[in-house]
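Novice: My structure is stored as data_30.tsv, with TSV, C-alpha atoms.
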chain	number	residue	atom	x	y	z
A	1	MET	CA	13.09	10.74	10.71
A	2	LEU	CA	12.52	13.90	8.71
A	3	ASN	CA	13.15	17.51	9.45
A	4	GLN	CA	11.97	20.57	7.56
A	5	ASN	CA	15.25	20.99	5.68
A	6	SER	CA	15.66	17.44	4.40
A	7	LYS	CA	14.31	15.64	1.36
A	8	PRO	CA	13.58	12.01	2.18
A	9	ALA	CA	15.44	9.31	0.29
A	10	ILE	CA	12.77	7.23	-1.43
A	11	GLY	CA	13.83	3.79	-2.65
A	12	ILE	CA	12.20	2.51	-5.83
A	13	SER	CA	12.17	-1.13	-6.91
A	14	CYS	CA	11.98	-1.66	-10.66
A	15	GLY	CA	9.25	-4.30	-10.80
A	16	ASP	CA	9.12	-6.80	-13.66
A	17	ILE	CA	11.84	-5.75	-16.09
A	18	ASN	CA	9.49	-6.48	-19.02
A	19	GLY	CA	6.59	-4.49	-17.56
A	20	ILE	CA	5.92	-0.76	-17.35
A	21	GLY	CA	7.84	-0.14	-14.12
A	22	ILE	CA	10.96	1.51	-15.55
A	23	GLU	CA	8.87	3.57	-17.96
A	24	LEU	CA	6.87	4.89	-15.01
A	25	ILE	CA	10.06	5.74	-13.13
A	26	ILE	CA	11.64	7.57	-16.07
A	27	LYS	CA	8.49	9.55	-16.86
A	28	THR	CA	7.99	10.49	-13.21
A	29	PHE	CA	11.50	11.78	-12.65
A	30	SER	CA	11.81	13.45	-16.03
A	31	ASP	CA	9.97	16.23	-14.21
A	32	SER	CA	12.80	17.91	-12.29
A	33	ARG	CA	10.33	19.26	-9.73
A	34	MET	CA	10.15	15.77	-8.23
A	35	LEU	CA	13.65	16.38	-6.84
A	36	ASP	CA	12.09	19.09	-4.67
A	37	VAL	CA	9.91	16.36	-3.16
A	38	CYS	CA	12.42	13.58	-2.53
A	39	THR	CA	15.80	12.07	-3.35
A	40	PRO	CA	15.07	8.96	-5.45
A	41	VAL	CA	17.19	5.81	-5.19
A	42	ILE	CA	16.35	3.36	-7.97
A	43	PHE	CA	17.25	-0.30	-7.48
A	44	ALA	CA	17.91	-1.72	-10.96
A	45	SER	CA	20.83	-1.61	-13.42
A	46	ASN	CA	22.43	0.82	-15.85
A	47	LYS	CA	21.51	-1.31	-18.83
A	48	LEU	CA	17.88	-1.61	-17.81
A	49	LEU	CA	17.44	2.15	-17.39
A	50	ASN	CA	19.25	2.90	-20.63
A	51	PHE	CA	17.18	0.33	-22.55
A	52	TYR	CA	13.89	1.99	-21.61
A	53	ARG	CA	15.27	5.50	-21.85
A	54	LYS	CA	15.77	4.88	-25.58
A	55	THR	CA	12.03	4.09	-25.91
A	56	LEU	CA	11.14	7.48	-24.40
A	57	PRO	CA	12.73	10.09	-26.70
A	58	GLU	CA	10.95	13.01	-25.02
A	59	ALA	CA	12.14	12.12	-21.53
A	60	SER	CA	14.76	14.30	-19.84
A	61	PHE	CA	16.31	11.75	-17.54
A	62	THR	CA	19.85	11.48	-16.19
A	63	PHE	CA	21.09	9.57	-13.16
A	64	GLN	CA	24.10	9.06	-10.93
A	65	ASN	CA	25.45	5.62	-10.10
A	66	LEU	CA	25.43	5.00	-6.39
A	67	LYS	CA	27.89	2.69	-4.64
A	68	ASP	CA	26.56	3.13	-1.10
A	69	THR	CA	22.81	3.37	-0.48
A	70	ALA	CA	23.52	5.14	2.80
A	71	ARG	CA	24.85	8.18	0.92
A	72	PRO	CA	22.58	9.11	-1.98
A	73	TYR	CA	23.38	12.27	-3.92
A	74	PRO	CA	20.91	15.05	-3.05
A	75	ARG	CA	18.96	16.65	-5.92
A	76	GLN	CA	20.04	13.79	-8.17
A	77	ILE	CA	18.38	10.65	-9.48
A	78	ASN	CA	20.39	7.85	-7.88
A	79	LEU	CA	20.80	4.36	-9.33
A	80	TYR	CA	21.99	1.46	-7.21
A	81	ASN	CA	23.08	-1.36	-9.51
A	82	CYS	CA	21.62	-4.62	-8.21
A	83	TRP	CA	23.23	-6.70	-10.96
A	84	GLU	CA	25.93	-6.32	-13.60
A	85	GLU	CA	25.29	-9.31	-15.85
A	86	GLU	CA	23.64	-9.12	-19.26
A	87	VAL	CA	19.89	-9.66	-19.06
A	88	ASN	CA	17.54	-10.27	-21.96
A	89	ILE	CA	14.89	-7.53	-21.84
A	90	THR	CA	11.71	-8.35	-23.79
A	91	PRO	CA	8.98	-5.77	-23.09
A	92	GLY	CA	5.53	-7.25	-22.78
A	93	GLN	CA	6.71	-10.84	-22.28
A	94	LEU	CA	6.20	-12.94	-19.16
A	95	THR	CA	9.64	-14.49	-18.66
A	96	ASP	CA	11.58	-16.10	-15.85
A	97	ALA	CA	14.18	-13.34	-16.09
A	98	GLY	CA	11.49	-10.69	-15.65
A	99	GLY	CA	10.49	-12.12	-12.31
A	100	ARG	CA	13.99	-13.08	-11.14
A	101	TYR	CA	15.41	-9.57	-11.54
A	102	ALA	CA	12.29	-7.96	-10.10
A	103	VAL	CA	12.99	-9.96	-6.93
A	104	LYS	CA	16.69	-8.94	-6.96
A	105	SER	CA	15.64	-5.31	-7.07
A	106	LEU	CA	13.05	-5.75	-4.33
A	107	GLN	CA	15.41	-7.61	-2.01
A	108	ALA	CA	18.08	-4.94	-2.32
A	109	ALA	CA	15.52	-2.20	-1.74
A	110	VAL	CA	14.03	-3.73	1.42
A	111	GLN	CA	17.52	-4.30	2.83
A	112	ALA	CA	18.17	-0.57	2.38
A	113	LEU	CA	14.83	0.26	3.99
A	114	LYS	CA	15.55	-1.99	6.96
A	115	ALA	CA	18.98	-0.39	7.36
A	116	LYS	CA	17.32	3.06	7.22
A	117	HIS	CA	19.44	4.06	4.22
A	118	ILE	CA	16.15	5.04	2.58
A	119	GLN	CA	13.15	6.47	4.42
A	120	ALA	CA	10.45	4.82	2.32
A	121	LEU	CA	9.99	2.33	-0.50
A	122	VAL	CA	7.83	2.64	-3.62
A	123	THR	CA	7.46	-0.65	-5.47
A	124	ALA	CA	6.82	-0.92	-9.20
A	125	PRO	CA	4.49	-3.79	-10.23
A	126	ILE	CA	5.58	-7.43	-10.26
A	127	HIS	CA	3.79	-10.42	-11.77
A	128	LYS	CA	2.79	-13.06	-9.24
A	129	LYS	CA	3.58	-16.00	-11.50
A	130	ASN	CA	7.15	-15.43	-12.60
A	131	VAL	CA	8.51	-14.28	-9.23
A	132	GLN	CA	7.85	-17.67	-7.67
A	133	SER	CA	10.97	-19.58	-6.55
A	134	PRO	CA	12.26	-21.38	-3.44
A	135	GLU	CA	13.62	-17.98	-2.30
A	136	PHE	CA	10.41	-16.06	-3.03
A	137	ASN	CA	7.25	-18.04	-2.38
A	138	PHE	CA	4.76	-15.21	-1.91
A	139	SER	CA	1.56	-14.07	-3.60
A	140	GLY	CA	2.78	-10.50	-3.80
A	141	HIS	CA	4.66	-7.67	-2.12
A	142	THR	CA	2.52	-7.50	1.01
A	143	PRO	CA	3.10	-11.03	2.43
A	144	PHE	CA	6.79	-10.79	1.50
A	145	LEU	CA	7.18	-7.52	3.40
A	146	LYS	CA	5.31	-8.93	6.37
A	147	GLN	CA	7.72	-11.86	6.63
A	148	PHE	CA	10.84	-9.86	5.83
A	149	PHE	CA	10.20	-7.38	8.64
A	150	GLY	CA	9.00	-10.09	11.01
A	151	VAL	CA	5.73	-8.39	11.96
A	152	ASP	CA	2.70	-10.30	13.19
A	153	ASP	CA	0.32	-8.79	10.65
A	154	VAL	CA	-0.14	-5.93	8.18
A	155	VAL	CA	-3.06	-4.35	6.35
A	156	MET	CA	-3.21	-3.86	2.60
A	157	LEU	CA	-4.71	-0.36	2.58
A	158	MET	CA	-5.91	1.27	-0.65
A	159	CYS	CA	-5.86	5.06	-0.38
A	160	ALA	CA	-7.43	7.79	-2.51
A	161	ASP	CA	-8.62	11.36	-1.99
A	162	ASN	CA	-12.08	10.32	-0.84
A	163	MET	CA	-11.70	6.84	0.65
A	164	ARG	CA	-9.43	4.26	2.25
A	165	VAL	CA	-10.17	0.56	2.01
A	166	GLY	CA	-8.32	-2.12	3.98
A	167	LEU	CA	-8.61	-5.88	3.53
A	168	VAL	CA	-8.91	-8.77	5.98
A	169	THR	CA	-7.88	-11.31	3.33
A	170	GLU	CA	-5.81	-10.45	0.26
A	171	HIS	CA	-4.91	-12.79	-2.60
A	172	VAL	CA	-6.94	-15.78	-1.41
A	173	PRO	CA	-9.09	-18.09	-3.56
A	174	VAL	CA	-12.78	-17.33	-3.06
A	175	LYS	CA	-13.46	-20.87	-1.82
A	176	ASP	CA	-11.02	-20.31	1.08
A	177	ILE	CA	-12.13	-16.86	2.21
A	178	ALA	CA	-14.82	-17.77	4.76
A	179	GLN	CA	-12.53	-19.93	6.89
A	180	GLN	CA	-10.11	-17.01	7.22
A	181	ILE	CA	-12.77	-14.60	8.43
A	182	THR	CA	-12.29	-15.01	12.18
A	183	ARG	CA	-12.81	-12.72	15.14
A	184	GLN	CA	-9.09	-12.63	15.83
A	185	ALA	CA	-8.14	-11.89	12.21
A	186	ILE	CA	-10.60	-8.98	12.06
A	187	LEU	CA	-9.40	-7.62	15.40
A	188	LYS	CA	-5.77	-7.65	14.29
A	189	LYS	CA	-6.64	-5.70	11.17
A	190	LEU	CA	-8.70	-3.17	13.15
A	191	PHE	CA	-5.88	-2.53	15.62
A	192	ILE	CA	-3.38	-1.96	12.80
A	193	LEU	CA	-5.83	0.18	10.85
A	194	LYS	CA	-6.62	2.42	13.81
A	195	GLU	CA	-2.94	2.94	14.62
A	196	SER	CA	-2.12	3.67	10.98
A	197	LEU	CA	-4.92	6.19	10.61
A	198	GLN	CA	-3.63	8.00	13.68
A	199	LYS	CA	0.12	7.79	13.06
A	200	ASP	CA	0.28	7.80	9.24
A	201	PHE	CA	-2.72	9.96	8.33
A	202	GLY	CA	-3.12	12.27	11.35
A	203	ILE	CA	-6.67	11.26	12.29
A	204	ASP	CA	-7.03	11.43	16.09
A	205	LYS	CA	-10.27	9.45	16.44
A	206	PRO	CA	-10.67	7.42	13.25
A	207	LYS	CA	-14.03	5.89	12.43
A	208	ILE	CA	-13.83	2.51	10.71
A	209	ALA	CA	-16.68	0.79	8.88
A	210	VAL	CA	-16.60	-3.01	8.83
A	211	LEU	CA	-18.30	-4.83	5.96
A	212	GLY	CA	-20.12	-8.12	6.24
A	213	LEU	CA	-19.01	-11.20	4.35
A	214	ASN	CA	-22.35	-12.49	3.07
A	215	PRO	CA	-25.14	-10.83	1.04
A	216	HIS	CA	-27.10	-8.35	3.18
A	217	ALA	CA	-24.45	-8.84	5.90
A	218	GLY	CA	-25.91	-12.27	6.59
A	219	ASP	CA	-29.53	-11.18	7.19
A	220	GLU	CA	-29.15	-11.93	10.92
A	221	GLY	CA	-27.86	-15.41	10.25
A	222	LEU	CA	-30.24	-16.39	7.46
A	223	VAL	CA	-27.59	-15.99	4.75
A	224	GLY	CA	-24.43	-17.21	6.46
A	225	LYS	CA	-23.27	-17.24	10.06
A	226	GLU	CA	-19.97	-15.34	9.85
A	227	GLU	CA	-21.50	-11.98	10.75
A	228	GLU	CA	-23.12	-13.31	13.94
A	229	GLU	CA	-20.30	-15.63	15.00
A	230	GLN	CA	-17.16	-13.75	13.96
A	231	ILE	CA	-17.63	-10.22	12.65
A	232	LYS	CA	-20.04	-8.76	15.23
A	233	PRO	CA	-18.05	-10.15	18.20
A	234	ALA	CA	-14.88	-8.66	16.68
A	235	ILE	CA	-16.52	-5.24	16.37
A	236	LYS	CA	-17.79	-5.42	19.95
A	237	GLU	CA	-14.35	-6.35	21.28
A	238	ALA	CA	-12.75	-3.61	19.20
A	239	LYS	CA	-15.00	-1.05	20.87
A	240	HIS	CA	-13.94	-2.36	24.27
A	241	ASN	CA	-10.40	-1.55	23.12
A	242	ASN	CA	-11.14	2.07	22.20
A	243	ILE	CA	-11.57	1.49	18.46
A	244	LEU	CA	-14.44	3.30	16.74
A	245	ALA	CA	-15.56	0.35	14.63
A	246	PHE	CA	-19.08	0.11	13.17
A	247	GLY	CA	-21.01	-2.50	11.24
A	248	PRO	CA	-21.18	-5.00	9.77
A	249	TYR	CA	-22.61	-3.31	6.71
A	250	SER	CA	-23.93	-4.89	3.53
A	251	ALA	CA	-21.27	-4.03	0.97
A	252	ASP	CA	-23.58	-3.27	-1.96
A	253	ALA	CA	-25.75	-0.74	-0.13
A	254	PHE	CA	-22.79	0.70	1.75
A	255	PHE	CA	-20.94	1.76	-1.38
A	256	ALA	CA	-23.98	2.47	-3.57
A	257	ARG	CA	-25.33	5.00	-1.04
A	258	GLY	CA	-21.99	6.69	-0.46
A	259	SER	CA	-21.84	5.62	3.17
A	260	TYR	CA	-18.06	5.26	2.92
A	261	GLU	CA	-17.87	9.07	2.95
A	262	LYS	CA	-18.87	9.01	6.64
A	263	PHE	CA	-15.84	6.98	7.66
A	264	ASP	CA	-12.08	7.40	7.72
A	265	ALA	CA	-11.56	3.86	6.45
A	266	VAL	CA	-13.47	0.75	5.44
A	267	LEU	CA	-12.42	-2.79	6.34
A	268	ALA	CA	-13.51	-5.23	3.62
A	269	MET	CA	-13.51	-8.97	4.14
A	270	TYR	CA	-11.90	-9.95	0.84
A	271	HIS	CA	-10.03	-8.56	-2.17
A	272	ASP	CA	-12.75	-7.90	-4.73
A	273	GLN	CA	-15.27	-6.75	-2.13
A	274	GLY	CA	-12.95	-3.84	-1.40
A	275	LEU	CA	-11.03	-3.32	-4.63
A	276	ILE	CA	-13.95	-3.21	-7.10
A	277	PRO	CA	-15.72	-0.29	-5.37
A	278	PHE	CA	-12.39	1.37	-4.61
A	279	LYS	CA	-11.32	1.38	-8.25
A	280	SER	CA	-14.83	2.42	-9.34
A	281	LEU	CA	-15.45	5.22	-6.82
A	282	ALA	CA	-12.04	6.51	-5.76
A	283	LYS	CA	-11.30	10.13	-6.61
A	284	GLY	CA	-7.77	10.92	-7.66
A	285	GLU	CA	-5.15	8.25	-8.18
A	286	GLY	CA	-5.26	5.16	-6.00
A	287	VAL	CA	-2.25	4.08	-3.96
A	288	ASN	CA	-1.57	0.79	-2.18
A	289	TYR	CA	-0.06	1.33	1.29
A	290	THR	CA	1.16	-1.46	3.57
A	291	ALA	CA	0.04	-0.44	7.06
A	292	GLY	CA	1.74	-2.04	10.05
A	293	LEU	CA	5.33	-2.22	8.80
A	294	PRO	CA	8.22	-0.54	10.64
A	295	GLY	CA	8.91	1.31	7.36
A	296	VAL	CA	6.79	3.07	4.75
A	297	ARG	CA	5.91	1.21	1.54
A	298	THR	CA	3.55	2.36	-1.20
A	299	SER	CA	2.82	1.27	-4.77
A	300	PRO	CA	0.53	2.21	-7.64
A	301	ASP	CA	-2.80	0.40	-7.74
A	302	HIS	CA	-2.18	-1.36	-11.07
A	303	GLY	CA	-0.15	-4.22	-12.48
A	304	THR	CA	2.66	-4.82	-14.95
A	305	ALA	CA	0.53	-3.88	-18.00
A	306	PHE	CA	2.44	-6.13	-20.39
A	307	ASP	CA	0.11	-5.14	-23.23
A	308	ILE	CA	1.57	-1.61	-23.37
A	309	ALA	CA	5.09	-2.24	-22.01
A	310	GLY	CA	7.85	-0.60	-24.04
A	311	LYS	CA	5.37	1.37	-26.17
A	312	ASN	CA	5.54	4.75	-24.39
A	313	LYS	CA	1.86	4.43	-23.45
A	314	ALA	CA	2.03	3.98	-19.66
A	315	ASP	CA	0.45	6.66	-17.45
A	316	GLU	CA	2.71	7.49	-14.53
A	317	THR	CA	0.09	9.39	-12.50
A	318	SER	CA	-0.58	6.64	-9.95
A	319	PHE	CA	3.15	5.97	-9.58
A	320	ARG	CA	3.82	9.65	-8.94
A	321	GLN	CA	1.01	9.72	-6.40
A	322	SER	CA	2.61	6.73	-4.66
A	323	ILE	CA	5.71	8.86	-4.10
A	324	TYR	CA	3.66	11.81	-2.86
A	325	THR	CA	1.78	9.53	-0.47
A	326	ALA	CA	4.99	8.02	0.89
A	327	VAL	CA	6.40	11.48	1.57
A	328	ASP	CA	3.13	12.66	3.15
A	329	ILE	CA	3.10	9.65	5.46
A	330	LEU	CA	6.72	10.25	6.48
A	331	GLU	CA	5.88	13.85	7.33
A	332	GLN	CA	2.81	12.79	9.28
A	333	GLN	CA	4.80	10.19	11.23
A	334	TYR	CA	7.36	12.85	12.11
A	335	GLU	CA	4.64	15.19	13.36
A	336	TYR	CA	3.01	12.34	15.31
A	337	ALA	CA	6.32	11.49	16.99
A	338	GLN	CA	6.94	15.15	17.82
A	339	ASN	CA	3.51	15.50	19.39
A	340	ARG	CA	3.97	12.39	21.50
A	341	SER	CA	7.41	13.48	22.66
A	342	ASN	CA	5.87	16.62	24.17
A	343	PRO	CA	3.76	15.64	27.23
A	344	MET	CA	1.72	18.85	26.99
A	345	ARG	CA	0.44	17.84	23.55
A	346	ARG	CA	-0.51	14.26	24.29
A	347	MET	CA	-4.15	13.41	23.97
A	348	SER	CA	-5.91	11.32	26.59
A	349	ASN	CA	-7.50	8.02	25.60
A	350	VAL	CA	-11.24	8.01	25.02
A	351	VAL	CA	-13.33	5.09	26.27
A	352	LEU	CA	-15.62	3.94	23.48
A	353	THR	CA	-17.14	0.85	25.07
A	354	ASN	CA	-20.69	2.15	24.96
A	355	VAL	CA	-20.60	3.70	21.49
A	356	GLU	CA	-23.53	2.57	19.39
A	357	ASP	CA	-23.38	1.88	15.68
A	358	GLU	CA	-24.58	4.57	13.34
A	359	LYS	CA	-27.74	3.49	11.62
A	360	ILE	CA	-27.24	3.11	7.90
A	361	GLU	CA	-30.24	1.69	6.13
A	362	GLU	CA	-29.36	-1.31	4.01
A	363	ALA	CA	-30.53	-1.45	0.42
A	364	GLY	CA	-31.65	-5.00	0.96
A	365	GLU	CA	-34.00	-4.05	3.79
A	366	ALA	CA	-37.00	-3.86	1.48
A	367	GLU	CA	-36.27	-7.31	0.13
A	368	LYS	CA	-36.63	-9.04	3.50
Before anything else, please render the file you have as structure tokens.
Specialist:
Amino acid sequence: MLNQNSKPAIGISCGDINGIGIELIIKTFSDSRMLDVCTPVIFASNKLLNFYRKTLPEASFTFQNLKDTARPYPRQINLYNCWEEEVNITPGQLTDAGGRYAVKSLQAAVQALKAKHIQALVTAPIHKKNVQSPEFNFSGHTPFLKQFFGVDDVVMLMCADNMRVGLVTEHVPVKDIAQQITRQAILKKLFILKESLQKDFGIDKPKIAVLGLNPHAGDEGLVGKEEEEQIKPAIKEAKHNNILAFGPYSADAFFARGSYEKFDAVLAMYHDQGLIPFKSLAKGEGVNYTAGLPGVRTSPDHGTAFDIAGKNKADETSFRQSIYTAVDILEQQYEYAQNRSNPMRRMSNVVLTNVEDEKIEEAGEAEK
């Protein structure tokens, strides 16, 4: 928990050692003002940092080796060595070593987060293919974190200055999406999303838009049954549980008409339904936040970028914003806990059972 005089210790996993992760880290913390924001703890190795530091001649970057993650040096860049052995670093190449040492870094970082040695974790990008092993059989950071912390569910929540987009399904083949769109799955995501918007973003009565799965949100059952059989019942039940959920909305009209600006978050049914408009319409730099964990985890909204790795071409803006977002969320959580600890400042629950959906005209209405 933070107080006004502390700088939170932010753990940083290195990502694929052949990707742009270390370059992003070095560029971000070459600006000494970042040490006024947080105390960074990088989970990697001396040799890895020094390798990429040589590719960035303009960077002003020094670090302290850290033996105990519970005691990072304030106003210093801290490095916790996760391995000592020689590793072949080949920028831009998809190799087994790239994935294996990305996982070593991540595992050490989440252990520190669980032990509360760090207050938040920012993860540099990994590649889904080369991290696969008997010890790490996950499609990405989000399902790994869910299992590691033993939580029932989480929400992959993309955040920007003007919008937040959460997902019901994440890295799922398109042919398998529909069977995972169930009333219970949607409800779980809505509960987590509401709590996160309140606790992590300081929104007392968040309004959440729910998208349909099918074109024109199913056209009342003419173009798919999921809206009538799963999505609408989930929204109705959510309202009975004091969640301001509205929809389902046809995704194309919803984003094209700027309707997302009327809501605190949008719940999309699948990855591209949410991520394409987010990356097209988001203002500022996008950040991926894992809502529902007992700790704070953010990441930039891009991948390993092998095509520019090691060439001093990576833009660290999204990575820096991931750190800012993590610190902002920590501060908001502290304020939320303080408010709840004072009975005079608690807010009473609001019954929303009879709330009606806002009417947003669908673009496909004229086509019916």
Novice: Would you compute the distance between CA of Gly258 (chain A) and CA of Lys207 (chain A)? Give it in Å to one decimal.
Specialist: 15.2 Å
Novice: Of the candidates A:Gln273, A:Thr169, A:Asn88, A:Thr317, which shows the shortest atom-to-atom distance to Val155 (chain A), using only C-alpha atoms?
Specialist: A:Thr169
Novice: For Asp252 (chain A), which of A:Ile235, A:Ala120, A:Leu211, A:Val266 is the closest residue, counting all atoms listed in the file?
Specialist: A:Leu211
Novice: Give me, as an MDAnalysis selection string, all polymer residues having an atom no more than 12 Å from Ala124 (chain A), counting only C-alpha atoms and skipping those fewer than 3 positions away in the same chain.
Specialist: chainID A and resid 11:26 42:44 102:103 105:106 109 121 127 140:141 287:288 297:305 316 318:320 322:323
Novice: To one decimal in Å, tell me the separation between CA of Gln333 (chain A) and CA of Ile118 (chain A).
Specialist: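 Taking CA of Gln333 (chain A) as the start and CA of Ile118 (chain A) as the end point, the length is 15.2 Å.
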Novice: Choose the residue, out of A:Phe144, A:Tyr270, A:Phe263, A:Phe138, that has the smallest atom-to-atom separation from Ile181 (chain A); count only C-alpha atoms.
Specialist: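 The shortest atom-to-atom distance to Ile181 (chain A) comes from A:Tyr270.
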